[in-house]
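work.cif (mmCIF, C-alpha atoms and all ligand atoms) appears below.
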```cif
data_protein
#
loop_
_atom_site.label_atom_id
_atom_site.label_comp_id
_atom_site.auth_asym_id
_atom_site.auth_seq_id
_atom_site.Cartn_x
_atom_site.Cartn_y
_atom_site.Cartn_z
CA MET A 1 -15.03 -7.12 -103.02
CA ASN A 2 -11.96 -6.20 -105.08
CA MET A 3 -11.90 -2.52 -106.03
CA THR A 4 -11.25 -2.25 -109.75
CA ALA A 5 -9.45 0.66 -111.37
CA LYS A 6 -12.82 1.73 -112.80
CA THR A 7 -14.58 2.00 -109.42
CA ILE A 8 -11.52 3.69 -107.86
CA PHE A 9 -11.45 6.16 -110.75
CA GLU A 10 -15.18 6.95 -110.40
CA ASP A 11 -14.73 7.57 -106.68
CA LEU A 12 -11.63 9.78 -107.17
CA LYS A 13 -13.37 11.71 -109.96
CA THR A 14 -16.37 12.49 -107.73
CA ARG A 15 -14.11 13.77 -104.96
CA LEU A 16 -11.22 15.36 -106.84
CA SER A 17 -12.33 16.58 -110.27
CA GLN A 18 -11.72 20.18 -109.13
CA VAL A 19 -8.10 19.56 -108.13
CA VAL A 20 -6.66 16.72 -110.26
CA PRO A 21 -7.03 16.35 -114.08
CA GLU A 22 -9.12 13.33 -115.16
CA VAL A 23 -6.31 11.72 -117.15
CA GLU A 24 -4.08 11.76 -114.07
CA LEU A 25 -6.84 10.27 -111.92
CA LYS A 26 -7.26 7.41 -114.43
CA TYR A 27 -3.56 6.59 -114.27
CA LYS A 28 -3.52 6.83 -110.47
CA ALA A 29 -6.60 4.61 -110.16
CA GLU A 30 -4.72 1.88 -112.07
CA LEU A 31 -1.78 2.15 -109.69
CA ALA A 32 -4.16 2.09 -106.72
CA GLU A 33 -5.83 -1.10 -107.99
CA GLU A 34 -2.44 -2.83 -108.19
CA ILE A 35 -1.50 -1.61 -104.71
CA LEU A 36 -4.78 -2.85 -103.19
CA CYS A 37 -4.34 -6.33 -104.75
CA LEU A 38 -0.73 -6.64 -103.58
CA LYS A 39 -1.59 -5.27 -100.15
CA LYS A 40 -4.06 -8.13 -99.67
CA GLU A 41 -1.72 -10.75 -101.08
CA ARG A 42 1.14 -9.66 -98.79
CA ASN A 43 -1.03 -9.06 -95.71
CA ALA A 44 -0.02 -5.40 -95.43
CA VAL A 45 -1.71 -2.41 -93.86
CA ILE A 46 -1.29 1.14 -95.23
CA LEU A 47 -1.17 4.07 -92.82
CA ALA A 48 -1.28 7.53 -94.42
CA HIS A 49 -0.66 10.94 -92.91
CA ASN A 50 -3.15 13.75 -93.53
CA TYR A 51 -0.54 15.46 -95.77
CA MET A 52 -0.57 12.78 -98.48
CA GLU A 53 -1.44 13.94 -102.00
CA PRO A 54 -5.21 13.65 -102.68
CA ALA A 55 -5.28 10.67 -105.10
CA LEU A 56 -3.17 8.56 -102.71
CA TYR A 57 -5.02 9.82 -99.64
CA PHE A 58 -8.44 8.82 -101.02
CA SER A 59 -7.53 5.48 -102.61
CA VAL A 60 -5.17 3.07 -100.83
CA PRO A 61 -4.88 3.76 -97.06
CA ASP A 62 -6.52 1.57 -94.43
CA PHE A 63 -6.11 4.39 -91.91
CA ARG A 64 -5.51 8.11 -92.29
CA GLY A 65 -4.71 10.59 -89.55
CA ASP A 66 -2.27 12.77 -87.64
CA SER A 67 0.94 11.48 -86.12
CA LEU A 68 -0.66 10.54 -82.78
CA GLU A 69 -3.53 8.58 -84.36
CA LEU A 70 -1.18 6.78 -86.76
CA SER A 71 1.20 5.87 -83.91
CA ARG A 72 -1.72 4.26 -82.10
CA LYS A 73 -2.77 2.36 -85.24
CA ALA A 74 0.82 1.21 -85.80
CA ALA A 75 1.10 -0.02 -82.22
CA THR A 76 -1.89 -2.35 -82.59
CA ALA A 77 -1.50 -3.37 -86.26
CA SER A 78 -1.73 -7.14 -86.76
CA ALA A 79 -0.77 -7.29 -90.47
CA ASP A 80 2.69 -8.65 -91.38
CA ILE A 81 3.74 -5.43 -93.14
CA ILE A 82 3.08 -1.81 -92.19
CA ILE A 83 3.51 0.61 -95.12
CA PHE A 84 3.91 4.13 -93.78
CA CYS A 85 2.84 6.80 -96.25
CA GLY A 86 4.38 9.63 -94.26
CA VAL A 87 7.93 10.63 -93.34
CA ARG A 88 10.81 8.65 -91.82
CA PHE A 89 10.33 9.64 -88.18
CA MET A 90 6.72 8.38 -88.39
CA ALA A 91 7.77 5.02 -89.86
CA GLU A 92 10.49 4.73 -87.20
CA THR A 93 7.90 5.39 -84.49
CA ALA A 94 5.79 2.53 -85.94
CA LYS A 95 8.82 0.21 -85.73
CA ILE A 96 9.57 1.32 -82.16
CA LEU A 97 6.00 0.46 -81.13
CA ASN A 98 5.53 -2.76 -83.14
CA PRO A 99 9.02 -4.23 -83.68
CA THR A 100 8.04 -7.68 -84.97
CA LYS A 101 6.39 -6.18 -88.07
CA THR A 102 8.14 -5.27 -91.30
CA VAL A 103 7.77 -1.48 -91.53
CA LEU A 104 8.24 0.05 -95.00
CA LEU A 105 8.67 3.67 -96.03
CA PRO A 106 7.98 4.10 -99.78
CA ALA A 107 10.75 6.73 -100.22
CA LYS A 108 14.42 6.30 -99.34
CA LYS A 109 14.75 9.51 -97.33
CA ALA A 110 11.49 11.44 -96.71
CA GLY A 111 13.10 13.41 -93.86
CA CYS A 112 11.85 16.40 -91.86
CA SER A 113 13.62 19.68 -91.03
CA LEU A 114 12.67 19.33 -87.36
CA ALA A 115 14.05 15.79 -87.09
CA GLU A 116 17.31 16.97 -88.73
CA SER A 117 17.65 19.87 -86.28
CA ILE A 118 18.84 17.88 -83.26
CA THR A 119 21.08 14.89 -82.47
CA ALA A 120 21.24 12.49 -79.53
CA ASP A 121 24.54 14.18 -78.53
CA ASP A 122 22.75 17.54 -78.37
CA VAL A 123 20.19 16.05 -75.97
CA ARG A 124 22.92 14.49 -73.80
CA SER A 125 24.70 17.88 -73.56
CA LEU A 126 21.48 19.63 -72.55
CA LYS A 127 20.80 16.99 -69.89
CA ALA A 128 24.32 17.53 -68.51
CA GLU A 129 23.78 21.29 -68.48
CA PHE A 130 20.33 21.08 -66.83
CA PRO A 131 20.51 17.90 -64.71
CA GLY A 132 17.38 16.30 -63.31
CA LEU A 133 14.87 17.99 -65.63
CA PRO A 134 12.42 15.83 -67.61
CA VAL A 135 12.99 15.87 -71.38
CA VAL A 136 9.89 16.16 -73.57
CA THR A 137 10.66 15.43 -77.22
CA TYR A 138 8.40 16.14 -80.15
CA VAL A 139 7.68 12.96 -82.11
CA ASN A 140 9.23 14.70 -85.18
CA THR A 141 12.69 13.38 -84.18
CA TYR A 142 14.74 10.26 -84.92
CA ALA A 143 14.83 7.17 -82.69
CA ASP A 144 18.20 7.94 -81.03
CA VAL A 145 16.90 11.35 -79.91
CA LYS A 146 13.70 9.77 -78.56
CA ALA A 147 15.88 7.24 -76.70
CA GLU A 148 17.44 10.13 -74.71
CA SER A 149 14.00 11.48 -73.75
CA ASP A 150 11.58 10.84 -70.89
CA ILE A 151 8.42 11.29 -72.90
CA CYS A 152 7.45 12.20 -76.48
CA CYS A 153 4.53 14.33 -77.59
CA THR A 154 2.78 15.30 -80.80
CA SER A 155 1.10 18.56 -81.69
CA GLY A 156 -2.12 16.81 -80.60
CA ASN A 157 -1.10 16.25 -76.97
CA ALA A 158 1.94 18.50 -76.26
CA VAL A 159 0.11 20.68 -73.71
CA LYS A 160 -1.29 17.64 -71.88
CA VAL A 161 2.12 15.94 -71.85
CA VAL A 162 3.80 19.00 -70.29
CA GLN A 163 0.96 19.34 -67.77
CA SER A 164 1.19 15.63 -66.88
CA LEU A 165 4.77 15.97 -65.62
CA LYS A 166 5.35 16.49 -61.92
CA SER A 167 8.11 19.02 -62.64
CA ASP A 168 7.58 22.81 -62.86
CA THR A 169 10.50 23.04 -65.31
CA VAL A 170 10.96 20.89 -68.44
CA ILE A 171 13.28 20.62 -71.42
CA PHE A 172 11.14 20.70 -74.60
CA LEU A 173 12.79 19.76 -77.92
CA PRO A 174 13.38 20.55 -80.77
CA ASP A 175 10.65 22.82 -82.24
CA GLU A 176 11.15 26.42 -81.15
CA TYR A 177 7.67 27.51 -82.23
CA LEU A 178 5.74 24.54 -80.83
CA ALA A 179 7.62 24.99 -77.54
CA SER A 180 6.75 28.70 -77.44
CA ASN A 181 3.10 27.95 -78.23
CA VAL A 182 2.97 25.30 -75.48
CA ALA A 183 4.71 27.70 -73.05
CA ARG A 184 2.03 30.31 -73.74
CA GLU A 185 -0.83 27.80 -73.27
CA THR A 186 0.60 26.41 -70.04
CA GLY A 187 1.60 29.83 -68.65
CA LYS A 188 5.31 28.92 -68.58
CA THR A 189 8.30 31.11 -69.38
CA ILE A 190 10.67 29.70 -71.98
CA VAL A 191 14.36 30.27 -72.80
CA PHE A 192 16.52 29.04 -75.68
CA PRO A 193 19.99 28.63 -74.14
CA ARG A 194 21.78 28.16 -77.49
CA LYS A 195 20.22 31.33 -78.88
CA ASP A 196 19.38 33.80 -76.12
CA LYS A 197 22.41 35.76 -74.89
CA ASP A 198 20.76 36.38 -71.51
CA ALA A 199 19.30 32.89 -71.06
CA GLY A 200 21.66 32.13 -68.17
CA LYS A 201 20.20 35.01 -66.12
CA ALA A 202 16.55 34.47 -67.06
CA VAL A 203 13.86 32.85 -64.92
CA TYR A 204 12.35 30.00 -66.91
CA GLN A 205 10.16 26.90 -66.68
CA MET A 206 10.80 25.57 -70.18
CA ILE A 207 14.10 25.13 -71.99
CA GLY A 208 13.81 24.98 -75.76
CA TRP A 209 15.84 24.31 -78.90
CA SER A 210 15.80 26.23 -82.16
CA GLY A 211 14.50 23.66 -84.65
CA LYS A 212 11.88 24.81 -87.13
CA CYS A 213 9.51 23.26 -89.63
CA GLU A 214 10.59 24.54 -93.04
CA VAL A 215 6.94 24.65 -94.15
CA HIS A 216 5.21 26.27 -91.18
CA GLU A 217 7.93 28.87 -90.50
CA ARG A 218 7.01 30.49 -93.83
CA PHE A 219 3.51 31.58 -92.84
CA THR A 220 3.25 35.18 -91.66
CA VAL A 221 0.82 37.46 -89.86
CA ALA A 222 0.65 39.45 -93.13
CA ASP A 223 -0.82 36.33 -94.84
CA ILE A 224 -3.59 36.36 -92.25
CA GLU A 225 -4.18 40.12 -92.48
CA ASN A 226 -4.41 39.93 -96.29
CA ALA A 227 -6.91 37.08 -96.10
CA ARG A 228 -9.04 38.85 -93.49
CA ARG A 229 -9.04 42.07 -95.55
CA GLN A 230 -10.37 40.24 -98.62
CA PHE A 231 -12.62 37.77 -96.78
CA PRO A 232 -13.74 39.21 -93.42
CA ASP A 233 -15.69 36.03 -92.57
CA VAL A 234 -12.70 33.68 -93.03
CA ILE A 235 -11.76 31.24 -90.24
CA VAL A 236 -7.97 31.11 -89.93
CA MET A 237 -6.45 27.85 -88.72
CA ALA A 238 -2.74 27.42 -87.95
CA HIS A 239 -0.74 24.31 -87.07
CA PRO A 240 1.17 24.82 -83.77
CA GLU A 241 4.47 24.53 -85.70
CA CYS A 242 3.67 28.07 -86.96
CA SER A 243 5.24 31.02 -85.14
CA PRO A 244 3.54 32.20 -81.91
CA ALA A 245 2.58 35.46 -83.67
CA VAL A 246 0.80 33.52 -86.45
CA VAL A 247 -0.94 31.22 -83.95
CA ALA A 248 -2.05 34.23 -81.87
CA ALA A 249 -3.50 35.92 -84.98
CA SER A 250 -5.46 32.76 -85.95
CA ASP A 251 -8.90 31.59 -84.85
CA PHE A 252 -7.90 27.99 -84.18
CA SER A 253 -4.69 26.03 -83.72
CA GLY A 254 -4.37 22.25 -83.45
CA SER A 255 -2.94 19.06 -84.92
CA THR A 256 -3.71 18.15 -88.53
CA THR A 257 -6.63 15.94 -87.47
CA ALA A 258 -7.92 18.61 -85.07
CA MET A 259 -8.10 20.94 -88.11
CA VAL A 260 -9.84 18.28 -90.23
CA ARG A 261 -12.46 17.85 -87.47
CA TYR A 262 -12.85 21.59 -86.91
CA VAL A 263 -13.80 22.19 -90.56
CA ALA A 264 -16.14 19.17 -90.62
CA GLU A 265 -17.98 20.35 -87.51
CA SER A 266 -17.96 24.12 -88.08
CA LYS A 267 -20.81 25.95 -89.82
CA SER A 268 -18.53 28.62 -91.31
CA LYS A 269 -18.21 28.81 -95.09
CA ARG A 270 -14.58 29.89 -95.63
CA TYR A 271 -11.23 28.76 -94.18
CA LEU A 272 -7.57 29.67 -94.47
CA LEU A 273 -5.39 26.70 -93.54
CA LEU A 274 -1.85 27.61 -92.50
CA THR A 275 -0.36 24.17 -92.96
CA GLU A 276 0.85 21.84 -95.72
CA CYS A 277 -1.19 22.51 -98.88
CA SER A 278 -2.22 18.95 -99.84
CA MET A 279 -4.21 18.81 -96.65
CA GLY A 280 -6.24 21.78 -97.90
CA ASP A 281 -7.10 19.76 -101.03
CA ASN A 282 -8.08 16.73 -98.93
CA ILE A 283 -10.29 18.80 -96.62
CA ALA A 284 -11.86 20.60 -99.59
CA ALA A 285 -12.71 17.25 -101.18
CA GLU A 286 -14.47 16.09 -98.00
CA ASN A 287 -16.34 19.37 -97.51
CA PRO A 288 -17.59 20.41 -100.97
CA ASP A 289 -19.96 22.99 -99.45
CA LYS A 290 -17.03 24.86 -97.83
CA GLU A 291 -14.29 26.97 -99.37
CA MET A 292 -10.58 26.55 -98.57
CA LEU A 293 -8.65 29.69 -99.54
CA ARG A 294 -5.60 28.71 -101.59
CA ILE A 295 -3.56 31.75 -100.54
CA CYS A 296 -0.69 29.94 -98.85
CA SER A 297 0.18 26.85 -100.90
CA ILE A 298 3.34 25.35 -99.44
CA ARG A 299 3.96 21.65 -100.01
CA CYS A 300 6.22 19.72 -97.61
CA PRO A 301 9.05 18.45 -99.85
CA HIS A 302 9.48 15.38 -97.64
CA MET A 303 5.83 14.31 -97.62
CA ASN A 304 5.89 14.99 -101.37
CA GLU A 305 8.40 12.16 -101.83
CA ILE A 306 5.66 9.62 -101.10
CA THR A 307 3.83 8.72 -104.31
CA LEU A 308 1.52 5.93 -105.47
CA GLU A 309 4.30 4.71 -107.78
CA ASP A 310 6.75 4.34 -104.90
CA THR A 311 4.10 2.79 -102.65
CA LEU A 312 3.59 0.10 -105.28
CA GLU A 313 7.36 -0.46 -105.63
CA SER A 314 7.64 -0.59 -101.86
CA LEU A 315 5.17 -3.49 -101.76
CA LYS A 316 6.65 -5.25 -104.78
CA GLN A 317 10.27 -5.06 -103.62
CA THR A 318 9.74 -4.88 -99.83
CA ARG A 319 11.57 -1.55 -99.71
CA TYR A 320 12.63 0.60 -97.83
CA VAL A 321 12.74 -1.44 -94.64
CA ILE A 322 12.91 0.62 -91.45
CA GLU A 323 15.30 -0.75 -88.84
CA VAL A 324 15.98 0.61 -85.35
CA PRO A 325 18.82 -0.94 -83.28
CA GLU A 326 17.24 -2.85 -80.39
CA ASP A 327 19.07 -1.00 -77.58
CA ILE A 328 17.85 2.36 -78.96
CA ARG A 329 14.38 1.01 -79.71
CA LYS A 330 13.86 -0.21 -76.14
CA LYS A 331 14.80 3.19 -74.69
CA ALA A 332 12.75 5.10 -77.27
CA TYR A 333 9.78 2.78 -76.68
CA ARG A 334 9.38 4.01 -73.08
CA ALA A 335 9.14 7.64 -74.23
CA VAL A 336 6.77 6.89 -77.12
CA GLN A 337 4.55 4.55 -75.12
CA ARG A 338 4.15 7.19 -72.39
CA MET A 339 3.10 9.61 -75.15
CA ILE A 340 0.43 7.42 -76.68
CA GLU A 341 -1.13 6.84 -73.27
CA ILE A 342 -1.82 10.59 -73.03
CA GLY A 343 -4.92 11.62 -75.01
P1 LIG B 401 0.43 16.26 -86.87
O1 LIG B 401 0.92 15.48 -85.69
O2 LIG B 401 -0.46 17.40 -86.48
O3 LIG B 401 -0.18 15.34 -87.87
O4 LIG B 401 1.68 16.99 -87.56
C1 LIG B 401 2.77 16.32 -88.08
C2 LIG B 401 3.60 17.20 -88.88
O5 LIG B 401 4.66 16.83 -89.35
C3 LIG B 401 3.14 18.56 -89.11
O6 LIG B 401 4.00 19.24 -89.94
FE1 LIG B 402 8.58 18.01 -91.00
FE2 LIG B 402 7.41 20.33 -91.49
FE3 LIG B 402 7.29 18.40 -93.31
FE4 LIG B 402 5.88 18.20 -91.02
S1 LIG B 402 5.61 19.70 -92.65
S2 LIG B 402 7.14 16.61 -91.97
S3 LIG B 402 7.31 19.19 -89.57
S4 LIG B 402 9.16 19.46 -92.60
#
```

Would you write out, as C-alpha cells, the structure that this file holds?
Amino acid sequence: MNMTAKTIFEDLKTRLSQVVPEVELKYKAELAEEILCLKKERNAVILAHNYMEPALYFSVPDFRGDSLELSRKAATASADIIIFCGVRFMAETAKILNPTKTVLLPAKKAGCSLAESITADDVRSLKAEFPGLPVVTYVNTYADVKAESDICCTSGNAVKVVQSLKSDTVIFLPDEYLASNVARETGKTIVFPRKDKDAGKAVYQMIGWSGKCEVHERFTVADIENARRQFPDVIVMAHPECSPAVVAASDFSGSTTAMVRYVAESKSKRYLLLTECSMGDNIAAENPDKEMLRICSIRCPHMNEITLEDTLESLKQTRYVIEVPEDIRKKAYRAVQRMIEIG
C-alpha cells in the first residue's frame, strides 16, 4: 500500500504533536510521500541514525538504529541504492561493506569532529612509535584511517573489541573520552602520548588520542547535579563519548540504541539524556508515558545537515555519491568486518 501524505501526516501528528508544529508536519508529510514513491521506483533503501530529526526519523527510513546496527544493515542490503541519513563516516562504512551498491549521503559534507581529529598519517606515526601493537579505531573515522587499523569498534561494542584482542596493550583512536571510559571498564591504564608530558615514563595498557565529540564534550557533572537536585528520581543516561566524570556520575551509559532500549524497558518515569537532543524527541515520542528532561539540548550540527528536502534531492539527482578508492576500501573492509562480527 502506498502511504499518502494524509496518512503520513496523521501518523506524525499522533507521535509528534508535542514537539513539531502541525503546519510543519503537513509540509514534511508531503515531502515524505514523494520520497517513499521515489524510493520504490529507484529500488533504494533508507538507513537512518537515531539522531535524525523526528519527522524524518518517523516517516521515511526502512531501518533506524545506532552505527553498529546500521553497518550490519548496510552490509546485507540488496537494494540498488543505499541512502544514508547519518554522517559521512557512516555512509563510507556502508560503501566499504557493500561496494557494488550506490551509496548516497543527502548532504555534501555532514562531517564529525571525531573523524576530523585524526589522519591516516597520524596513525602511521603512532604505529611507528609503538610497533607491534594492535590498533583499534572508533568507527567515527574516515576510510583511510580505518585502512591503517586492525579492527574498528562502535560505542556499542568497544569494550568487547578490546577484550577480544590477544594483546594486553592496544592503541585506541581517536576519541579521548571513549578510550578513557573503555580503559576504566576493562581495568586498563591509559596514556595520551601527544598530550601527557610524562607519558613516556608511565606504565600503560592503552594508548589514546585526543579527539573529542563536539556535542558530548559539552555535558558536565554540574548538569547532572542540577537535574538530580530538581528531580531526585531522574535516571541519568550518558553516551560513552561524554567525559569519564560525566559517565561515572550517570546511572547508565551505552550506545544510542542501548539508551533507546533502556528507556523502553525501564519502569522509571523520568530521564535525563546526555546525548544529541533530537534523540530525546524521538524517544519521548515512542514513550509518551515517560518524561525526557530537556535540560541539555545540544544538536549535532553535522547530523542536522540531513533533512527531508535533501533526502528527496538525493534520490532525484543521485547525489552525493560516496566513493572509496578500492585499495583503501579493501584494507578498511578487514577492520570493519572484524568489528561487525563482534556483538
Ligand atoms: P552510536 O554508535 O551510539 O549510534 O553513536 C554514534 C555517534 O556518532 C554518537 O555521537
Ligand atoms: Fe560526530 Fe559527535 Fe556528531 Fe556523533 S554527535 S556525529 S560523534 S560530532

Please list, as a ChimeraX atom specification, the residues that have an atom at most 10 Å away from (-0.5, -1.6, -86.3) in the coordinates of this file, counting only C-alpha atoms. /A:44-47,63,70-83,94-95,97-98,101,103

What is the CA of Glu225 in chain A to CA of Ser297 in chain A distance in Å? 16.3 Å

Can you pull out every residue within 12 Å of Phe130 in chain A, counting only C-alpha atoms, but drop anything in the same chain fewer than 6 positions away, and send it as a ChimeraX atom specification? /A:123-124,169-171,193,200,204-208

So which residues are near ligand LIG 402 (chain B), meaning at most 10 Å away with only C-alpha atoms and all ligand atoms counted, given back as an MDAnalysis selection string? chainID A and resid 49 51 67 86:90 110:116 138:141 175 211:217 239 241:242 256 275:277 298:304

Counting all atoms listed in the file, which residues in chain A sit no more than 6 Å from ligand LIG 401 (chain B)? For each one, give the nearest pair of atoms and the distance in Å, sorted by chain then residue number, as a Markdown table.
```
| residue | atom | partner | partner_atom | distance |
| --- | --- | --- | --- | --- |
| A:Asp66 | CA | B:LIG401 | O3 | 3.3 |
| A:Ser67 | CA | B:LIG401 | O1 | 4.0 |
| A:Leu68 | CA | B:LIG401 | O1 | 5.9 |
| A:Thr154 | CA | B:LIG401 | O1 | 5.2 |
| A:Ser155 | CA | B:LIG401 | O1 | 5.1 |
| A:Ser255 | CA | B:LIG401 | O2 | 3.4 |
| A:Thr256 | CA | B:LIG401 | O2 | 3.9 |
```

With distances taken over all atoms listed in the file, which of A:Leu178, A:Ala332, A:Val136, A:Ala183 is nearest to Leu165 in chain A?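 Distance minimum relative to Leu165 in chain A lands on A:Val136.
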
From the list A:Gln163, A:Thr119, A:Thr93, A:Asn226, the nearest residue to Pro134 in chain A using only C-alpha atoms is A:Gln163

Considering all atoms listed in the file, return as a VMD selection string whatever protein or nucleic-acid residues lie within 9 Å of Arg270 in chain A, sequence-local ones (same chain, fewer than 5 positions apart) excluded. chain A and resid 231 233 to 236 290 to 293

In Å and to one decimal, CA of Ala335 in chain A is distant from CA of Ala147 in chain A by 7.2 Å

Choose the residue, out of A:Gln337, A:Leu16, A:Ala258, A:Phe219, that has the smallest atom-to-atom separation from Ala245 in chain A; count only C-alpha atoms.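 Of all the options, A:Phe219 lies closest to Ala245 in chain A.
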
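The coordinates place CA of Ile283 in chain A at 17.8 Å from CA of Cys85 in chain A.
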
Around (-4.8, 14.0, -108.0) in the file's own coordinates, what residues are found within 10 Å if you use only C-alpha atoms, given back as number ranges by chain? A: 12-13, 15-29, 53-58, 278, 281

When you count all atoms listed in the file, which of these residues is closest to Arg329 in chain A: A:Tyr142, A:Phe252, A:Trp209, A:Phe192?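 Closest to Arg329 in chain A, using all atoms listed in the file: A:Tyr142.
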
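Distances from A:Gln230, A:Leu273, A:Glu33, A:Ile342 to Val162 in chain A were compared using all atoms listed in the file, and the smallest one belongs to A:Ile342.
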
Given the choices A:Leu38, A:Ile118, A:Leu315, A:Ala227, which gets closest to Arg294 in chain A if the distance is worked out from only C-alpha atoms? A:Ala227

Need the axis-aligned box for range 138-154 of chain A with 3 Å each side, so what are the centre and edges in Å to one decimal, as AutoDock Vina command-line options?
```
--center_x 10.5 --center_y 11.7 --center_z -78.0 --size_x 21.4 --size_y 15.0 --size_z 20.3
```

Can I get range 326-342 of chain A with N, CA and C atoms filled in, as a compact mmCIF listing (two decimals), in the frame of the given file?
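Saved file out.txt follows:
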```
# COMPACT_ATOMS: atom_id res chain seq x y z
N GLU A 326 18.09 -2.45 -81.51
CA GLU A 326 17.24 -2.85 -80.39
C GLU A 326 17.52 -2.06 -79.10
N ASP A 327 18.79 -1.74 -78.82
CA ASP A 327 19.07 -1.00 -77.58
C ASP A 327 18.43 0.40 -77.64
N ILE A 328 18.46 1.03 -78.80
CA ILE A 328 17.85 2.36 -78.96
C ILE A 328 16.33 2.22 -78.95
N ARG A 329 15.83 1.20 -79.64
CA ARG A 329 14.38 1.01 -79.71
C ARG A 329 13.75 0.86 -78.32
N LYS A 330 14.41 0.05 -77.48
CA LYS A 330 13.86 -0.21 -76.14
C LYS A 330 13.77 1.09 -75.34
N LYS A 331 14.82 1.93 -75.45
CA LYS A 331 14.80 3.19 -74.69
C LYS A 331 13.77 4.16 -75.29
N ALA A 332 13.71 4.20 -76.61
CA ALA A 332 12.75 5.10 -77.27
C ALA A 332 11.31 4.65 -77.00
N TYR A 333 11.12 3.33 -76.90
CA TYR A 333 9.78 2.78 -76.68
C TYR A 333 9.13 3.37 -75.43
N ARG A 334 9.93 3.48 -74.35
CA ARG A 334 9.38 4.01 -73.08
C ARG A 334 8.80 5.41 -73.30
N ALA A 335 9.57 6.25 -74.00
CA ALA A 335 9.14 7.64 -74.23
C ALA A 335 7.92 7.71 -75.15
N VAL A 336 7.89 6.85 -76.16
CA VAL A 336 6.77 6.89 -77.12
C VAL A 336 5.51 6.29 -76.49
N GLN A 337 5.70 5.20 -75.76
CA GLN A 337 4.55 4.55 -75.12
C GLN A 337 3.89 5.50 -74.10
N ARG A 338 4.72 6.21 -73.34
CA ARG A 338 4.15 7.19 -72.39
C ARG A 338 3.32 8.23 -73.14
N MET A 339 3.83 8.61 -74.34
CA MET A 339 3.10 9.61 -75.15
C MET A 339 1.75 9.09 -75.61
N ILE A 340 1.71 7.83 -76.11
CA ILE A 340 0.43 7.42 -76.68
C ILE A 340 -0.62 7.11 -75.60
N GLU A 341 -0.15 7.01 -74.35
CA GLU A 341 -1.13 6.84 -73.27
C GLU A 341 -1.80 8.16 -72.92
N ILE A 342 -1.23 9.28 -73.35
CA ILE A 342 -1.82 10.59 -73.03
C ILE A 342 -2.68 11.05 -74.20
```
